[in-house]
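Have a look at coords_17.cif; it's mmCIF, C-alpha atoms; chains and numbers go by the auth columns:
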```cif
data_run
loop_
_atom_site.group_PDB
_atom_site.id
_atom_site.type_symbol
_atom_site.label_atom_id
_atom_site.label_comp_id
_atom_site.label_asym_id
_atom_site.label_seq_id
_atom_site.Cartn_x
_atom_site.Cartn_y
_atom_site.Cartn_z
_atom_site.B_iso_or_equiv
_atom_site.auth_seq_id
_atom_site.auth_asym_id
ATOM 1 C CA MET A 1 160.574 66.664 101.635 0.00 1181 A
ATOM 2 C CA ASN A 2 162.598 69.358 103.295 0.00 1182 A
ATOM 3 C CA PHE A 3 161.518 72.096 105.664 0.00 1183 A
ATOM 4 C CA ARG A 4 161.403 74.797 102.956 0.00 1184 A
ATOM 5 C CA GLU A 5 159.100 72.783 100.631 0.00 1185 A
ATOM 6 C CA ALA A 6 156.866 71.859 103.545 0.00 1186 A
ATOM 7 C CA GLY A 7 156.607 75.559 104.466 0.00 1187 A
ATOM 8 C CA LYS A 8 155.584 76.493 100.893 0.00 1188 A
ATOM 9 C CA THR A 9 152.971 73.736 100.852 0.00 1189 A
ATOM 10 C CA LEU A 10 151.671 74.839 104.252 0.00 1190 A
ATOM 11 C CA ILE A 11 151.347 78.460 103.064 0.00 1191 A
ATOM 12 C CA LEU A 12 149.506 77.399 99.885 0.00 1192 A
ATOM 13 C CA VAL A 13 147.135 75.124 101.820 0.00 1193 A
ATOM 14 C CA SER A 14 146.517 77.730 104.517 0.00 1194 A
ATOM 15 C CA GLY A 15 145.724 80.337 101.842 0.00 1195 A
ATOM 16 C CA TRP A 16 143.254 77.965 100.265 0.00 1196 A
ATOM 17 C CA VAL A 17 141.684 77.172 103.666 0.00 1197 A
ATOM 18 C CA ALA A 18 141.455 80.895 104.534 0.00 1198 A
ATOM 19 C CA THR A 19 139.771 81.647 101.200 0.00 1199 A
ATOM 20 C CA LEU A 20 137.327 78.827 101.765 0.00 1200 A
ATOM 21 C CA PHE A 21 136.615 80.051 105.305 0.00 1201 A
ATOM 22 C CA VAL A 22 136.001 83.644 104.132 0.00 1202 A
ATOM 23 C CA GLY A 23 133.739 82.318 101.361 0.00 1203 A
ATOM 24 C CA VAL A 24 131.728 80.316 103.910 0.00 1204 A
ATOM 25 C CA LEU A 25 131.384 83.404 106.119 0.00 1205 A
ATOM 26 C CA ASP A 26 130.141 85.402 103.093 0.00 1206 A
ATOM 27 C CA LEU A 27 127.611 82.710 102.141 0.00 1207 A
ATOM 28 C CA PRO A 28 124.625 84.048 104.178 0.00 1208 A
ATOM 29 C CA GLN A 29 124.985 87.468 102.539 0.00 1209 A
ATOM 30 C CA LYS A 30 125.115 85.884 99.084 0.00 1210 A
ATOM 31 C CA ILE A 31 122.025 83.773 99.814 0.00 1211 A
ATOM 32 C CA HIS A 32 120.158 86.851 101.068 0.00 1212 A
ATOM 33 C CA SER A 33 121.214 88.886 98.014 0.00 1213 A
ATOM 34 C CA PHE A 34 120.139 86.062 95.682 0.00 1214 A
ATOM 35 C CA SER A 35 116.740 85.747 97.377 0.00 1215 A
ATOM 36 C CA GLU A 36 116.192 89.512 97.035 0.00 1216 A
ATOM 37 C CA THR A 37 117.090 89.705 93.335 0.00 1217 A
ATOM 38 C CA LEU A 38 115.437 86.459 92.236 0.00 1218 A
ATOM 39 C CA PRO A 39 111.846 87.818 91.894 0.00 1219 A
ATOM 40 C CA ALA A 40 112.952 90.796 89.781 0.00 1220 A
ATOM 41 C CA ALA A 41 115.176 88.599 87.635 0.00 1221 A
ATOM 42 C CA LYS A 42 112.367 86.079 87.186 0.00 1222 A
ATOM 43 C CA GLU A 43 109.980 88.872 86.165 0.00 1223 A
ATOM 44 C CA ASP A 44 112.520 90.239 83.674 0.00 1224 A
ATOM 45 C CA VAL A 45 112.949 86.792 82.091 0.00 1225 A
ATOM 46 C CA VAL A 46 109.170 86.252 81.891 0.00 1226 A
ATOM 47 C CA THR A 47 108.698 89.698 80.310 0.00 1227 A
ATOM 48 C CA TRP A 48 111.513 89.066 77.835 0.00 1228 A
ATOM 49 C CA TRP A 49 110.021 85.694 76.929 0.00 1229 A
ATOM 50 C CA ASN A 50 106.414 86.901 76.455 0.00 1230 A
ATOM 51 C CA LEU A 51 106.884 90.420 75.050 0.00 1231 A
ATOM 52 C CA ASN A 52 106.782 90.651 71.259 0.00 1232 A
ATOM 53 C CA THR A 53 109.189 93.473 70.455 0.00 1233 A
ATOM 54 C CA GLU A 54 108.412 93.477 66.717 0.00 1234 A
ATOM 55 C CA PHE A 55 105.025 95.112 67.266 0.00 1235 A
ATOM 56 C CA THR A 56 105.358 96.663 70.731 0.00 1236 A
ATOM 57 C CA GLY A 57 105.901 100.422 70.601 0.00 1237 A
ATOM 58 C CA SER A 58 104.404 103.642 69.272 0.00 1238 A
ATOM 59 C CA TRP A 59 103.655 103.911 65.565 0.00 1239 A
ATOM 60 C CA THR A 60 102.248 106.589 63.259 0.00 1240 A
ATOM 61 C CA ASN A 61 101.855 107.724 59.676 0.00 1241 A
ATOM 62 C CA ASP A 62 101.315 111.318 60.853 0.00 1242 A
ATOM 63 C CA GLY A 63 104.053 113.511 59.414 0.00 1243 A
ATOM 64 C CA ASP A 64 105.145 110.930 56.819 0.00 1244 A
ATOM 65 C CA ILE A 65 106.449 113.152 54.018 0.00 1245 A
ATOM 66 C CA THR A 66 107.115 110.158 51.763 0.00 1246 A
ATOM 67 C CA SER A 67 103.406 109.258 51.548 0.00 1247 A
ATOM 68 C CA THR A 68 101.723 110.295 48.322 0.00 1248 A
ATOM 69 C CA SER A 69 98.327 108.796 49.136 0.00 1249 A
ATOM 70 C CA GLY A 70 97.225 111.625 51.450 0.00 1250 A
ATOM 71 C CA ALA A 71 96.135 108.985 53.979 0.00 1251 A
ATOM 72 C CA MET A 72 94.219 109.952 57.082 0.00 1252 A
ATOM 73 C CA PRO A 73 96.621 110.429 60.029 0.00 1253 A
ATOM 74 C CA VAL A 74 96.618 107.539 62.487 0.00 1254 A
ATOM 75 C CA ALA A 75 98.796 106.696 65.491 0.00 1255 A
ATOM 76 C CA LEU A 76 98.868 103.785 67.859 0.00 1256 A
ATOM 77 C CA LYS A 77 100.640 102.697 70.994 0.00 1257 A
ATOM 78 C CA ILE A 78 100.693 98.948 71.197 0.00 1258 A
ATOM 79 C CA ARG A 79 101.961 96.191 73.465 0.00 1259 A
ATOM 80 C CA VAL A 80 101.891 92.559 72.378 0.00 1260 A
ATOM 81 C CA TYR A 81 102.419 90.342 75.400 0.00 1261 A
ATOM 82 C CA GLY A 82 101.825 86.612 75.428 0.00 1262 A
ATOM 83 C CA GLY A 83 100.121 86.842 72.023 0.00 1263 A
ATOM 84 C CA LYS A 84 97.557 89.428 73.233 0.00 1264 A
ATOM 85 C CA VAL A 85 97.297 92.947 71.824 0.00 1265 A
ATOM 86 C CA ASP A 86 96.758 95.809 74.237 0.00 1266 A
ATOM 87 C CA GLY A 87 97.011 99.503 73.488 0.00 1267 A
ATOM 88 C CA GLU A 88 95.336 102.613 72.189 0.00 1268 A
ATOM 89 C CA ILE A 89 94.745 104.107 68.771 0.00 1269 A
ATOM 90 C CA TRP A 90 94.080 107.627 67.539 0.00 1270 A
ATOM 91 C CA SER A 91 92.889 108.768 64.162 0.00 1271 A
ATOM 92 C CA ASN A 92 92.015 112.116 62.659 0.00 1272 A
ATOM 93 C CA GLY A 93 88.673 110.473 61.794 0.00 1273 A
ATOM 94 C CA LEU A 94 87.909 110.294 65.528 0.00 1274 A
ATOM 95 C CA SER A 95 88.574 114.012 66.105 0.00 1275 A
ATOM 96 C CA ASP A 96 84.833 114.813 66.174 0.00 1276 A
ATOM 97 C CA THR A 97 84.100 112.187 68.829 0.00 1277 A
ATOM 98 C CA ILE A 98 84.256 112.569 72.604 0.00 1278 A
ATOM 99 C CA HIS A 99 87.233 110.197 72.839 0.00 1279 A
ATOM 100 C CA PRO A 100 89.598 110.693 69.865 0.00 1280 A
ATOM 101 C CA THR A 101 91.946 108.091 71.384 0.00 1281 A
ATOM 102 C CA ILE A 102 90.302 104.711 71.919 0.00 1282 A
ATOM 103 C CA LEU A 103 91.413 101.258 72.999 0.00 1283 A
ATOM 104 C CA LEU A 104 93.072 98.603 70.888 0.00 1284 A
ATOM 105 C CA GLY A 105 92.825 94.856 71.484 0.00 1285 A
ATOM 106 C CA GLY A 106 93.380 91.646 69.566 0.00 1286 A
ATOM 107 C CA ASP A 107 95.637 88.649 69.110 0.00 1287 A
ATOM 108 C CA LEU A 108 98.912 87.712 67.439 0.00 1288 A
ATOM 109 C CA ARG A 109 98.251 84.979 64.852 0.00 1289 A
ATOM 110 C CA HIS A 110 100.758 83.570 62.367 0.00 1290 A
ATOM 111 C CA GLY A 111 103.107 86.558 62.755 0.00 1291 A
ATOM 112 C CA LYS A 112 100.335 89.126 62.134 0.00 1292 A
ATOM 113 C CA LEU A 113 97.988 91.001 64.436 0.00 1293 A
ATOM 114 C CA ASP A 114 94.234 90.590 64.278 0.00 1294 A
ATOM 115 C CA ALA A 115 93.306 93.779 66.096 0.00 1295 A
ATOM 116 C CA TYR A 116 90.230 95.867 66.785 0.00 1296 A
ATOM 117 C CA ALA A 117 89.573 99.419 67.974 0.00 1297 A
ATOM 118 C CA PHE A 118 86.965 99.678 70.715 0.00 1298 A
ATOM 119 C CA ASP A 119 85.603 101.753 73.549 0.00 1299 A
ATOM 120 C CA TYR A 120 83.161 101.212 76.371 0.00 1300 A
ATOM 121 C CA ILE A 121 79.835 102.978 75.935 0.00 1301 A
ATOM 122 C CA GLY A 122 77.155 102.496 78.564 0.00 1302 A
ATOM 123 C CA GLY A 123 79.254 99.738 80.146 0.00 1303 A
ATOM 124 C CA ARG A 124 79.414 97.717 76.916 0.00 1304 A
ATOM 125 C CA GLU A 125 82.302 97.157 74.581 0.00 1305 A
ATOM 126 C CA VAL A 126 81.634 98.808 71.205 0.00 1306 A
ATOM 127 C CA VAL A 127 83.948 97.882 68.314 0.00 1307 A
ATOM 128 C CA TYR A 128 84.709 100.736 65.906 0.00 1308 A
ATOM 129 C CA ALA A 129 86.920 98.865 63.450 0.00 1309 A
ATOM 130 C CA ILE A 130 88.744 95.585 62.798 0.00 1310 A
ATOM 131 C CA PHE A 131 92.314 95.573 61.444 0.00 1311 A
ATOM 132 C CA ASN A 132 95.085 93.374 60.159 0.00 1312 A
ATOM 133 C CA ILE A 133 98.488 94.663 61.186 0.00 1313 A
ATOM 134 C CA GLU A 134 101.674 93.131 59.880 0.00 1314 A
ATOM 135 C CA LYS A 135 105.360 93.916 59.940 0.00 1315 A
ATOM 136 C CA LYS A 136 106.938 95.087 56.686 0.00 1316 A
ATOM 137 C CA GLY A 137 110.636 95.831 57.127 0.00 1317 A
ATOM 138 C CA ASP A 138 110.959 98.352 59.944 0.00 1318 A
ATOM 139 C CA ASN A 139 107.353 99.542 59.503 0.00 1319 A
ATOM 140 C CA LEU A 140 103.863 98.241 60.191 0.00 1320 A
ATOM 141 C CA VAL A 141 101.095 98.006 57.615 0.00 1321 A
ATOM 142 C CA LEU A 142 97.628 98.623 59.045 0.00 1322 A
ATOM 143 C CA VAL A 143 94.766 97.393 56.845 0.00 1323 A
ATOM 144 C CA THR A 144 91.231 98.173 57.979 0.00 1324 A
ATOM 145 C CA ARG A 145 88.992 95.167 57.295 0.00 1325 A
ATOM 146 C CA GLU A 146 85.705 96.455 58.737 0.00 1326 A
ATOM 147 C CA GLN A 147 84.303 99.744 60.066 0.00 1327 A
ATOM 148 C CA GLN A 148 80.763 101.143 60.197 0.00 1328 A
ATOM 149 C CA VAL A 149 81.900 104.763 59.802 0.00 1329 A
ATOM 150 C CA GLN A 150 85.231 105.712 58.277 0.00 1330 A
ATOM 151 C CA PHE A 151 87.212 106.578 61.394 0.00 1331 A
ATOM 152 C CA PHE A 152 90.431 104.993 60.131 0.00 1332 A
ATOM 153 C CA PRO A 153 92.217 104.856 56.768 0.00 1333 A
ATOM 154 C CA LYS A 154 91.675 101.776 54.620 0.00 1334 A
ATOM 155 C CA GLU A 155 95.427 101.203 54.655 0.00 1335 A
ATOM 156 C CA ALA A 156 98.342 102.966 56.311 0.00 1336 A
ATOM 157 C CA MET A 157 102.091 102.443 56.471 0.00 1337 A
ATOM 158 C CA LEU A 158 103.153 103.189 60.050 0.00 1338 A
ATOM 159 C CA PHE A 159 106.668 104.016 61.190 0.00 1339 A
ATOM 160 C CA ALA A 160 108.045 103.811 64.721 0.00 1340 A
ATOM 161 C CA ASN A 161 107.787 107.069 66.637 0.00 1341 A
ATOM 162 C CA PRO A 162 108.136 107.109 70.442 0.00 1342 A
ATOM 163 C CA ASP A 163 106.204 110.407 70.580 0.00 1343 A
ATOM 164 C CA ALA A 164 103.291 109.172 68.441 0.00 1344 A
ATOM 165 C CA LEU A 165 100.522 109.597 71.052 0.00 1345 A
ATOM 166 C CA LYS A 166 102.110 112.069 73.467 0.00 1346 A
ATOM 167 C CA GLU A 167 100.288 115.106 72.087 0.00 1347 A
ATOM 168 C CA LYS A 168 96.989 113.428 71.148 0.00 1348 A
ATOM 169 C CA PRO A 169 93.961 114.375 73.260 0.00 1349 A
ATOM 170 C CA LEU A 170 92.332 111.678 75.387 0.00 1350 A
ATOM 171 C CA THR A 171 89.027 113.537 75.684 0.00 1351 A
ATOM 172 C CA ASN A 172 87.487 116.147 73.367 0.00 1352 A
ATOM 173 C CA PHE A 173 86.423 118.735 75.947 0.00 1353 A
ATOM 174 C CA ASP A 174 85.499 121.266 73.238 0.00 1354 A
ATOM 175 C CA LEU A 175 82.873 118.845 71.892 0.00 1355 A
ATOM 176 C CA ILE A 176 81.499 118.217 75.391 0.00 1356 A
ATOM 177 C CA LEU A 177 81.199 121.972 76.066 0.00 1357 A
ATOM 178 C CA LYS A 178 79.516 122.482 72.680 0.00 1358 A
ATOM 179 C CA MET A 179 77.006 119.725 73.474 0.00 1359 A
ATOM 180 C CA LEU A 180 76.282 121.172 76.916 0.00 1360 A
ATOM 181 C CA LYS A 181 75.778 124.688 75.493 0.00 1361 A
ATOM 182 C CA SER A 182 73.431 123.395 72.791 0.00 1362 A
ATOM 183 C CA GLN A 183 71.269 121.656 75.447 0.00 1363 A
ATOM 184 C CA LYS A 184 70.878 124.912 77.411 0.00 1364 A
ATOM 185 C CA LYS A 185 69.356 126.739 74.429 0.00 1365 A
#
```
Entire entry expressed as structure tokens:
Amino acid sequence: MNFREAGKTLILVSGWVATLFVGVLDLPQKIHSFSETLPAAKEDVVTWWNLNTEFTGSWTNDGDITSTSGAMPVALKIRVYGGKVDGEIWSNGLSDTIHPTILLGGDLRHGKLDAYAFDYIGGREVVYAIFNIEKKGDNLVLVTREQQVQFFPKEAMLFANPDALKEKPLTNFDLILKMLKSQKK
């Protein structure tokens, strides 16, 4: 081995050693960065794993010009996480109640939702209706199984609409004022 080849080998080895040394010096920063981002990354993975994106979102039949049934308008905002349904539902049938938008709960079973619309009255959960909700193409089909008073349509084809519940009232203040005025008389 001559002097020139030994010099090339020495330069290559020293470059490798320098890179290794710089990498070792950078190691504490990388460990700190990893420990900072790990909780958020773990949460993102858990959310991705447990969130059912087929049903999660805002849905409505309100404004559906293709419907010929003249179905009662209904809209819902739903989140299915870990097989549990959580959300809210509005219907034109609830417009004469104090809370036209009420809660939605239920479970994911065999690819379909067993859901129910409810509210708390006097500290107790009161169920307004029980539904089956299933995916049909890009839409959802809501079938009302039980309800004491017809607040919801018997069946509705719902399409995704991110603005479905943005304009719906949470509380019917006009009804409350009307009730208060009628008590004064």
>> List as a ChimeraX atom specification the protein and nucleic acid residues near range 1252-1268 of chain A, meaning an atom at most 7 Å away when all atoms listed in the file are counted, but skip any in the same chain fewer than 2 places from it.
In response: /A:1230-1232,1235-1242,1250,1270-1272,1281-1288,1332-1333,1344-1345
>> What's the separation between CA of Glu1326 in chain A and CA of Phe1311 in chain A, in Å to one decimal place?
In response: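 Straight-line distance from CA of Glu1326 in chain A to CA of Phe1311 in chain A works out to 7.2 Å.
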Protein and nucleic acid residues near (85.3, 104.5, 64.0) (cut-off 6 Å, only C-alpha atoms) as a CSV table (one decimal) with C-alpha atoms, keeping the file's coordinate frame:
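File produced: selection.csv:
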```
chain,number,residue,atom,x,y,z
A,1308,TYR,CA,84.7,100.7,65.9
A,1309,ALA,CA,86.9,98.9,63.4
A,1329,VAL,CA,81.9,104.8,59.8
A,1330,GLN,CA,85.2,105.7,58.3
A,1331,PHE,CA,87.2,106.6,61.4
```
>> Excluding Ile1310 in chain A and its own-chain neighbours fewer than 3 positions away, which residues fall within 9 Å of it when counting all atoms listed in the file? Please give them as a list in words.
In response: Asp1294, Ala1295, Tyr1296, Ala1297, Val1307, Val1323, Thr1324, Arg1325, Glu1326 and Gln1327 of chain A
Grab the residues selected above and save them as a PDB file, in the coordinates of the input with C-alpha atoms.
```pdb
ATOM      1  CA  ASP A1294      94.234  90.590  64.278  1.00  0.00           C
ATOM      2  CA  ALA A1295      93.306  93.779  66.096  1.00  0.00           C
ATOM      3  CA  TYR A1296      90.230  95.867  66.785  1.00  0.00           C
ATOM      4  CA  ALA A1297      89.573  99.419  67.974  1.00  0.00           C
ATOM      5  CA  VAL A1307      83.948  97.882  68.314  1.00  0.00           C
ATOM      6  CA  VAL A1323      94.766  97.393  56.845  1.00  0.00           C
ATOM      7  CA  THR A1324      91.231  98.173  57.979  1.00  0.00           C
ATOM      8  CA  ARG A1325      88.992  95.167  57.295  1.00  0.00           C
ATOM      9  CA  GLU A1326      85.705  96.455  58.737  1.00  0.00           C
ATOM     10  CA  GLN A1327      84.303  99.744  60.066  1.00  0.00           C
TER      11      GLN A1327
END
```
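Computed from the coordinates, the CA of Gly1302 in chain A to CA of Pro1280 in chain A distance equals 17.3 Å.
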